[in-house]
Amino acid sequence: MSNRLLIVFVRQMLYNMTMLLGFKTELKINKLQRLMLAKHAGVARHAWNQGLALCQQVLAHNRANPNDKIKFPSSIDLHKWLVASVKSENPWYYEVSKCSPQYALRHLSDAFKSFFKKVKGFPKFKKKGRDDSFTLDGSIHVDHKRVKVPVIGWLKTFERLPQGVEPKSVTISRQADRWFISFKIDVPVEQTPKFYDIVVGVDLGIKALATLSTGVVFDGAKSYRQAERRLKRLQRNLSRKPKGSANWNKATRLLAKAHRRVANIRKDVLHKVTTYLSKNHAVIGIEDLNVSGMMANRCLAKAIGDMGFYEFRRQLEYKCQLYGSKLVVIDRFAPSSKTCSCCSNVKDSLSLRQRVYHCHSCDLELDRDLNAAINISKYAASSAVSACGRGAADSLG
């Protein structure tokens with residue numbers, strides 16, 4: 001095969017490449033549909049809690065009787081037990097789709113697998129009104145502005161839905177007083193033209209969300225700090241209401257709306273920054289931050305959580321695949337802030353109060369975050385030579 005035919009073949013392969021992305025949109029529902037959605041979420045929550053209680057009994061029995069161990073139940077075993085013992089005593093299970101409790105037990109089984117692998121913590125019991133969600137599968141049809149799901153029927157949406165998709169399953173969740181539907185779709189990978197071929201370093205911080213090695217600075221939303229006084233007032237009003245009363249439910253919805261607004265503002269800023277980076281830069285270098293360890297610092301936990309470092313990296317990972325960019329993650333112990341970007345001299349210590357980096361060897365004075373971003377781009381350059389090509393490596397020196 002000639003080089004020209006090979007290039008055409010590779011381009012055709014890139015154009016035909018697709019990746020799975022989640023699509024989530026708000027539902028436009030009436031009172032009857034809202035009641036049906038709440039019933040499905042309640043059955044899923046009840047099935048999860050019943051299955052979790054049974055699993056706890058099995059674990060307690062195995063610890064107390066090591067010689068007479070009982071096999072830990074799988075999702076199929078839990079569903080058989082649910083049909084035989086729980087469904088017969090609770091006839092309202094038959095008012096909703098059978099998929100709601102089935103997927104709840106399947107998710108419970110996955111949660112225990114993650115716990116046994118020491119990836120996540122022990123599963124917890126679910127509470128009413130907190131993270132309500134359920135999953136349905138079967139005959140699902142997507143129209144222009146509505147989705148047909150089993151038992152419930154057609155559900156309208158506020159925005160136009162992607163056409164030509166047939167999702168195998170959908171997940172419906174509630175945030176505050178609004179319901180959302182999500183499903184996976186195949187999206188073609190876009191090879192967008194890049195304006196910067198060299199490796200760009202991204203330094204995440206508290207003062208500014210992201211500082212690039214090119215000198216561009218993106219400020220964070222700081223939505224929680226702006227809404228902190230309102231959140232405190234709403235939480236104080238909620239604490240003064242009798243729990244379970246109508247006023248308490250109203251105050252709970254108002255507080256949930258305020259938290260949802262804070263999260264939406266933060267996600268909007270993160271989406272704009274990560275989309276800009278993945279569309280305009282061929283190779284992006286970031287640090288492998290220990291976000292959970294950073295959140296343990298009580299002085300900085302609020303500011304770090306307000307920026308959303310983990311969500312920034314999560315979005316950047318899938319958007320680099322979507323737009324044809326290369327993401328390079330450097331070691332978290334690399335001294336990017338202490339190293340001089342000009343002479344590579346490394347300082348013994350550098351406090352957080354020193355916002356301007358001053359090198360005693362070459363007398364370089366530079367913004368601390370910009371200096372770290374330049375060092376991150378240099379650390380990532382060696383790993384990105386194969387992705388950037390020889391020209392990018394030469395430009396980096």
# chains A, B, ... in the order shown; residues from 1 in each chain; ligands from 1

call {"tool": "closest_atom_pairs", "arguments": {"of": "region 43-92 of chain A", "to": "region 117-140 of chain A", "cutoff": "12 Å", "atoms": "only C-alpha atoms", "output": "JSON lines"}}
result
{"residue": "A:Val43", "atom": "CA", "partner": "A:Phe134", "partner_atom": "CA", "distance": 8.7}
{"residue": "A:Ala44", "atom": "CA", "partner": "A:Phe134", "partner_atom": "CA", "distance": 6.1}
{"residue": "A:Arg45", "atom": "CA", "partner": "A:Lys126", "partner_atom": "CA", "distance": 6.2}
{"residue": "A:His46", "atom": "CA", "partner": "A:Lys126", "partner_atom": "CA", "distance": 8.3}
{"residue": "A:Ala47", "atom": "CA", "partner": "A:Lys126", "partner_atom": "CA", "distance": 10.1}
{"residue": "A:Trp48", "atom": "CA", "partner": "A:Phe125", "partner_atom": "CA", "distance": 7.5}
{"residue": "A:Asn49", "atom": "CA", "partner": "A:Phe125", "partner_atom": "CA", "distance": 5.5}
{"residue": "A:Gln50", "atom": "CA", "partner": "A:Phe125", "partner_atom": "CA", "distance": 9.1}
{"residue": "A:Gly51", "atom": "CA", "partner": "A:Phe125", "partner_atom": "CA", "distance": 9.8}
{"residue": "A:Leu52", "atom": "CA", "partner": "A:Phe125", "partner_atom": "CA", "distance": 7.2}
{"residue": "A:Ala53", "atom": "CA", "partner": "A:Phe125", "partner_atom": "CA", "distance": 8.5}
{"residue": "A:Leu54", "atom": "CA", "partner": "A:Phe125", "partner_atom": "CA", "distance": 11.9}
{"residue": "A:Cys55", "atom": "CA", "partner": "A:Pro123", "partner_atom": "CA", "distance": 10.2}
{"residue": "A:Gln56", "atom": "CA", "partner": "A:Pro123", "partner_atom": "CA", "distance": 10.0}
{"residue": "A:Leu59", "atom": "CA", "partner": "A:Phe122", "partner_atom": "CA", "distance": 11.9}

call {"tool": "write_last_selection", "arguments": {"atoms": "C-alpha atoms", "output": "PDB file, in the first residue's frame"}}
result
ATOM      1  CA  VAL A  43     -39.313   1.051  44.756  1.00  0.00           C
ATOM      2  CA  ALA A  44     -35.690   1.212  43.623  1.00  0.00           C
ATOM      3  CA  ARG A  45     -34.685   2.721  46.983  1.00  0.00           C
ATOM      4  CA  HIS A  46     -36.645   0.089  48.910  1.00  0.00           C
ATOM      5  CA  ALA A  47     -35.079  -2.752  46.904  1.00  0.00           C
ATOM      6  CA  TRP A  48     -31.592  -1.325  47.492  1.00  0.00           C
ATOM      7  CA  ASN A  49     -32.145  -1.013  51.239  1.00  0.00           C
ATOM      8  CA  GLN A  50     -33.649  -4.500  51.552  1.00  0.00           C
ATOM      9  CA  GLY A  51     -30.803  -6.038  49.582  1.00  0.00           C
ATOM     10  CA  LEU A  52     -28.214  -4.127  51.589  1.00  0.00           C
ATOM     11  CA  ALA A  53     -29.757  -5.330  54.864  1.00  0.00           C
ATOM     12  CA  LEU A  54     -29.607  -8.930  53.638  1.00  0.00           C
ATOM     13  CA  CYS A  55     -25.971  -8.563  52.576  1.00  0.00           C
ATOM     14  CA  GLN A  56     -25.092  -7.141  55.988  1.00  0.00           C
ATOM     15  CA  LEU A  59     -21.430 -10.728  56.267  1.00  0.00           C
TER      16      LEU A  59
END

call {"tool": "select_by_dssp", "arguments": {"residues": "region 161-220 of chain A", "states": "strand (DSSP E)", "output": "ChimeraX atom specification"}}
result
/A:169-175,178-188,196-204,210-212,217-218

call {"tool": "atom_distance", "arguments": {"atom1": "CA of Phe112 (chain A)", "atom2": "CA of Phe23 (chain A)"}}
result
26.8 Å

call {"tool": "closest_residue", "arguments": {"among": "A:Gly324, A:Gly305, A:Gly244, A:Gly215", "to": "Gln191 (chain A)", "atoms": "only C-alpha atoms"}}
result
A:Gly324

call {"tool": "residues_around", "arguments": {"residues": "Leu20 (chain A)", "least_positions_apart": "2", "cutoff": "9 Å", "atoms": "only C-alpha atoms", "output": "CSV table (one decimal) with N, CA and C atoms, in the first residue's frame"}}
result
chain,number,residue,atom,x,y,z
A,18,THR,N,-16.1,6.4,16.7
A,18,THR,CA,-17.1,7.0,17.6
A,18,THR,C,-16.8,6.6,19.1
A,22,GLY,N,-22.5,10.3,27.5
A,22,GLY,CA,-23.8,10.4,28.2
A,22,GLY,C,-24.6,11.6,27.8
A,184,LYS,N,-27.0,6.8,27.0
A,184,LYS,CA,-25.7,6.9,26.2
A,184,LYS,C,-26.0,6.9,24.7
A,185,ILE,N,-25.1,7.7,24.0
A,185,ILE,CA,-25.2,7.8,22.6
A,185,ILE,C,-23.9,7.7,22.0
A,186,ASP,N,-23.8,7.3,20.7
A,186,ASP,CA,-22.6,7.2,19.9
A,186,ASP,C,-22.3,8.5,19.3
A,187,VAL,N,-21.2,9.1,19.6
A,187,VAL,CA,-20.8,10.4,19.0
A,187,VAL,C,-19.5,10.3,18.2
A,188,PRO,N,-19.5,10.8,17.0
A,188,PRO,CA,-18.3,10.7,16.1
A,188,PRO,C,-17.1,11.5,16.7

call {"tool": "select_by_dssp", "arguments": {"residues": "region 180-257 of chain A", "states": "helix (DSSP H, G or I)", "output": "number ranges by chain"}}
result
A: 223-226, 228-239, 246-257

call {"tool": "residues_around", "arguments": {"residues": "Lys145 (chain A)", "least_positions_apart": "5", "cutoff": "6 Å", "atoms": "only C-alpha atoms", "output": "list of chain:residue names"}}
result
A:Lys156, A:Thr157, A:Arg160, A:Leu161

call {"tool": "write_last_selection", "arguments": {"atoms": "C-alpha atoms", "output": "mmCIF file, in the first residue's frame"}}
result
data_model
loop_
_atom_site.group_PDB
_atom_site.id
_atom_site.type_symbol
_atom_site.label_atom_id
_atom_site.label_comp_id
_atom_site.auth_asym_id
_atom_site.auth_seq_id
_atom_site.Cartn_x
_atom_site.Cartn_y
_atom_site.Cartn_z
ATOM 1 C CA LYS A 156 -41.658 15.374 27.162
ATOM 2 C CA THR A 157 -38.349 17.259 27.264
ATOM 3 C CA ARG A 160 -34.542 18.664 21.147
ATOM 4 C CA LEU A 161 -33.141 15.144 21.509
#

call {"tool": "closest_residue", "arguments": {"among": "A:Val283, A:Leu370, A:Val291, A:Val149", "to": "Phe312 (chain A)", "atoms": "only C-alpha atoms"}}
result
A:Val291

call {"tool": "atom_distance", "arguments": {"atom1": "CA of Asp268 (chain A)", "atom2": "CA of Lys326 (chain A)"}}
result
22.7 Å

call {"tool": "residues_around", "arguments": {"residues": "Gln315 (chain A)", "least_positions_apart": "3", "cutoff": "9 Å", "atoms": "only C-alpha atoms", "output": "ChimeraX atom specification"}}
result
/A:270-271,274-275,310-312,318-320

call {"tool": "write_last_selection", "arguments": {"atoms": "C-alpha atoms", "output": "compact mmCIF listing (two decimals), in the first residue's frame"}}
result
# COMPACT_ATOMS: atom_id res chain seq x y z
CA LEU A 270 -15.40 23.82 33.84
CA HIS A 271 -17.06 22.80 30.57
CA THR A 274 -11.96 22.07 29.18
CA THR A 275 -13.62 22.49 25.77
CA TYR A 310 -11.55 16.26 40.03
CA GLU A 311 -14.37 17.28 37.66
CA PHE A 312 -11.85 19.32 35.62
CA TYR A 318 -13.07 12.35 27.67
CA LYS A 319 -12.97 15.63 25.71
CA CYS A 320 -9.39 14.97 24.62

call {"tool": "residues_around", "arguments": {"residues": "Glu228 (chain A)", "least_positions_apart": "3", "cutoff": "12 Å", "atoms": "only C-alpha atoms", "output": "number ranges by chain"}}
result
A: 222-225, 231-235, 255, 258-259, 261-262, 302-303, 306

call {"tool": "write_last_selection", "arguments": {"atoms": "N, CA and C atoms", "output": "PDB file, in the first residue's frame"}}
result
ATOM      1  N   LYS A 222     -16.106  30.141  41.562  1.00  0.00           N
ATOM      2  CA  LYS A 222     -16.242  30.454  42.985  1.00  0.00           C
ATOM      3  C   LYS A 222     -17.710  30.664  43.345  1.00  0.00           C
ATOM      4  N   SER A 223     -18.538  29.763  42.820  1.00  0.00           N
ATOM      5  CA  SER A 223     -19.984  29.908  43.010  1.00  0.00           C
ATOM      6  C   SER A 223     -20.396  29.649  44.452  1.00  0.00           C
ATOM      7  N   TYR A 224     -19.711  28.749  45.131  1.00  0.00           N
ATOM      8  CA  TYR A 224     -20.077  28.470  46.523  1.00  0.00           C
ATOM      9  C   TYR A 224     -19.774  29.667  47.412  1.00  0.00           C
ATOM     10  N   ARG A 225     -18.649  30.324  47.188  1.00  0.00           N
ATOM     11  CA  ARG A 225     -18.300  31.487  48.011  1.00  0.00           C
ATOM     12  C   ARG A 225     -19.312  32.619  47.803  1.00  0.00           C
ATOM     13  N   LEU A 231     -26.867  30.251  51.403  1.00  0.00           N
ATOM     14  CA  LEU A 231     -26.948  28.864  51.846  1.00  0.00           C
ATOM     15  C   LEU A 231     -27.038  28.776  53.370  1.00  0.00           C
ATOM     16  N   LYS A 232     -26.287  29.605  54.064  1.00  0.00           N
ATOM     17  CA  LYS A 232     -26.346  29.604  55.521  1.00  0.00           C
ATOM     18  C   LYS A 232     -27.736  29.990  56.012  1.00  0.00           C
ATOM     19  N   ARG A 233     -28.324  30.997  55.361  1.00  0.00           N
ATOM     20  CA  ARG A 233     -29.657  31.428  55.774  1.00  0.00           C
ATOM     21  C   ARG A 233     -30.694  30.333  55.521  1.00  0.00           C
ATOM     22  N   LEU A 234     -30.598  29.663  54.383  1.00  0.00           N
ATOM     23  CA  LEU A 234     -31.544  28.589  54.074  1.00  0.00           C
ATOM     24  C   LEU A 234     -31.370  27.395  55.010  1.00  0.00           C
ATOM     25  N   GLN A 235     -30.126  27.083  55.350  1.00  0.00           N
ATOM     26  CA  GLN A 235     -29.888  25.983  56.287  1.00  0.00           C
ATOM     27  C   GLN A 235     -30.397  26.323  57.687  1.00  0.00           C
ATOM     28  N   LEU A 255     -33.431  24.820  49.671  1.00  0.00           N
ATOM     29  CA  LEU A 255     -32.005  24.583  49.895  1.00  0.00           C
ATOM     30  C   LEU A 255     -31.409  23.740  48.775  1.00  0.00           C
ATOM     31  N   ALA A 258     -30.803  25.897  45.722  1.00  0.00           N
ATOM     32  CA  ALA A 258     -29.625  26.752  45.860  1.00  0.00           C
ATOM     33  C   ALA A 258     -28.345  25.960  45.614  1.00  0.00           C
ATOM     34  N   HIS A 259     -28.270  24.746  46.153  1.00  0.00           N
ATOM     35  CA  HIS A 259     -27.092  23.906  45.914  1.00  0.00           C
ATOM     36  C   HIS A 259     -26.986  23.506  44.442  1.00  0.00           C
ATOM     37  N   ARG A 261     -27.969  25.269  41.892  1.00  0.00           N
ATOM     38  CA  ARG A 261     -27.495  26.448  41.163  1.00  0.00           C
ATOM     39  C   ARG A 261     -25.983  26.598  41.311  1.00  0.00           C
ATOM     40  N   VAL A 262     -25.471  26.382  42.513  1.00  0.00           N
ATOM     41  CA  VAL A 262     -24.025  26.466  42.740  1.00  0.00           C
ATOM     42  C   VAL A 262     -23.292  25.440  41.885  1.00  0.00           C
ATOM     43  N   LYS A 302     -12.541  24.195  51.512  1.00  0.00           N
ATOM     44  CA  LYS A 302     -13.679  24.892  50.911  1.00  0.00           C
ATOM     45  C   LYS A 302     -13.296  25.493  49.556  1.00  0.00           C
ATOM     46  N   ALA A 303     -12.134  26.106  49.473  1.00  0.00           N
ATOM     47  CA  ALA A 303     -11.701  26.729  48.221  1.00  0.00           C
ATOM     48  C   ALA A 303     -11.400  25.686  47.154  1.00  0.00           C
ATOM     49  N   ASP A 306     -14.605  24.271  45.834  1.00  0.00           N
ATOM     50  CA  ASP A 306     -15.320  25.245  45.020  1.00  0.00           C
ATOM     51  C   ASP A 306     -14.784  25.295  43.601  1.00  0.00           C
TER      52      ASP A 306
END

call {"tool": "atom_distance", "arguments": {"atom1": "CA of Asn371 (chain A)", "atom2": "CA of Ser341 (chain A)"}}
result
5.9 Å

call {"tool": "residues_around", "arguments": {"residues": "Lys87 (chain A)", "least_positions_apart": "5", "cutoff": "12 Å", "atoms": "only C-alpha atoms", "output": "PyMOL selection string"}}
result
chain A and resi 43+46-47+50+79-82+92-96+98+101-102

call {"tool": "write_last_selection", "arguments": {"atoms": "N, CA and C atoms", "output": "short mmCIF file (atom, residue, chain, number, x, y, z; two decimals), in the first residue's frame"}}
result
data_model
loop_
_atom_site.label_atom_id
_atom_site.label_comp_id
_atom_site.auth_asym_id
_atom_site.auth_seq_id
_atom_site.Cartn_x
_atom_site.Cartn_y
_atom_site.Cartn_z
N VAL A 43 -39.50 2.50 44.84
CA VAL A 43 -39.31 1.05 44.76
C VAL A 43 -37.84 0.70 44.61
N HIS A 46 -36.25 1.16 48.00
CA HIS A 46 -36.65 0.09 48.91
C HIS A 46 -35.92 -1.21 48.59
N ALA A 47 -35.79 -1.53 47.30
CA ALA A 47 -35.08 -2.75 46.90
C ALA A 47 -33.60 -2.67 47.29
N GLN A 50 -33.38 -3.12 51.15
CA GLN A 50 -33.65 -4.50 51.55
C GLN A 50 -32.48 -5.42 51.19
N HIS A 79 -32.22 -10.80 43.47
CA HIS A 79 -33.51 -10.61 42.80
C HIS A 79 -34.44 -11.79 43.07
N LYS A 80 -33.92 -13.00 43.07
CA LYS A 80 -34.76 -14.16 43.40
C LYS A 80 -35.31 -14.05 44.82
N TRP A 81 -34.47 -13.64 45.75
CA TRP A 81 -34.92 -13.47 47.13
C TRP A 81 -35.96 -12.34 47.24
N LEU A 82 -35.75 -11.26 46.45
CA LEU A 82 -36.69 -10.14 46.49
C LEU A 82 -38.07 -10.57 45.98
N TRP A 92 -47.36 -2.97 46.18
CA TRP A 92 -47.10 -1.77 45.38
C TRP A 92 -45.87 -1.92 44.50
N TYR A 93 -45.12 -3.01 44.64
CA TYR A 93 -44.02 -3.29 43.72
C TYR A 93 -44.55 -3.50 42.29
N TYR A 94 -45.78 -4.03 42.18
CA TYR A 94 -46.33 -4.34 40.87
C TYR A 94 -46.93 -3.12 40.18
N GLU A 95 -46.91 -1.96 40.82
CA GLU A 95 -47.41 -0.74 40.19
C GLU A 95 -46.36 -0.07 39.31
N VAL A 96 -45.12 -0.53 39.40
CA VAL A 96 -44.03 0.08 38.63
C VAL A 96 -43.38 -0.98 37.75
N LYS A 98 -40.71 -3.65 36.40
CA LYS A 98 -39.85 -4.62 37.09
C LYS A 98 -38.38 -4.25 36.99
N PRO A 101 -36.49 -2.26 40.44
CA PRO A 101 -35.78 -2.99 41.50
C PRO A 101 -34.64 -3.86 40.97
N GLN A 102 -34.77 -4.36 39.74
CA GLN A 102 -33.71 -5.20 39.18
C GLN A 102 -32.41 -4.43 39.07
#

call {"tool": "closest_residue", "arguments": {"among": "A:Arg229, A:Lys378, A:His360, A:Lys148", "to": "Ser213 (chain A)", "atoms": "only C-alpha atoms"}}
result
A:Lys378
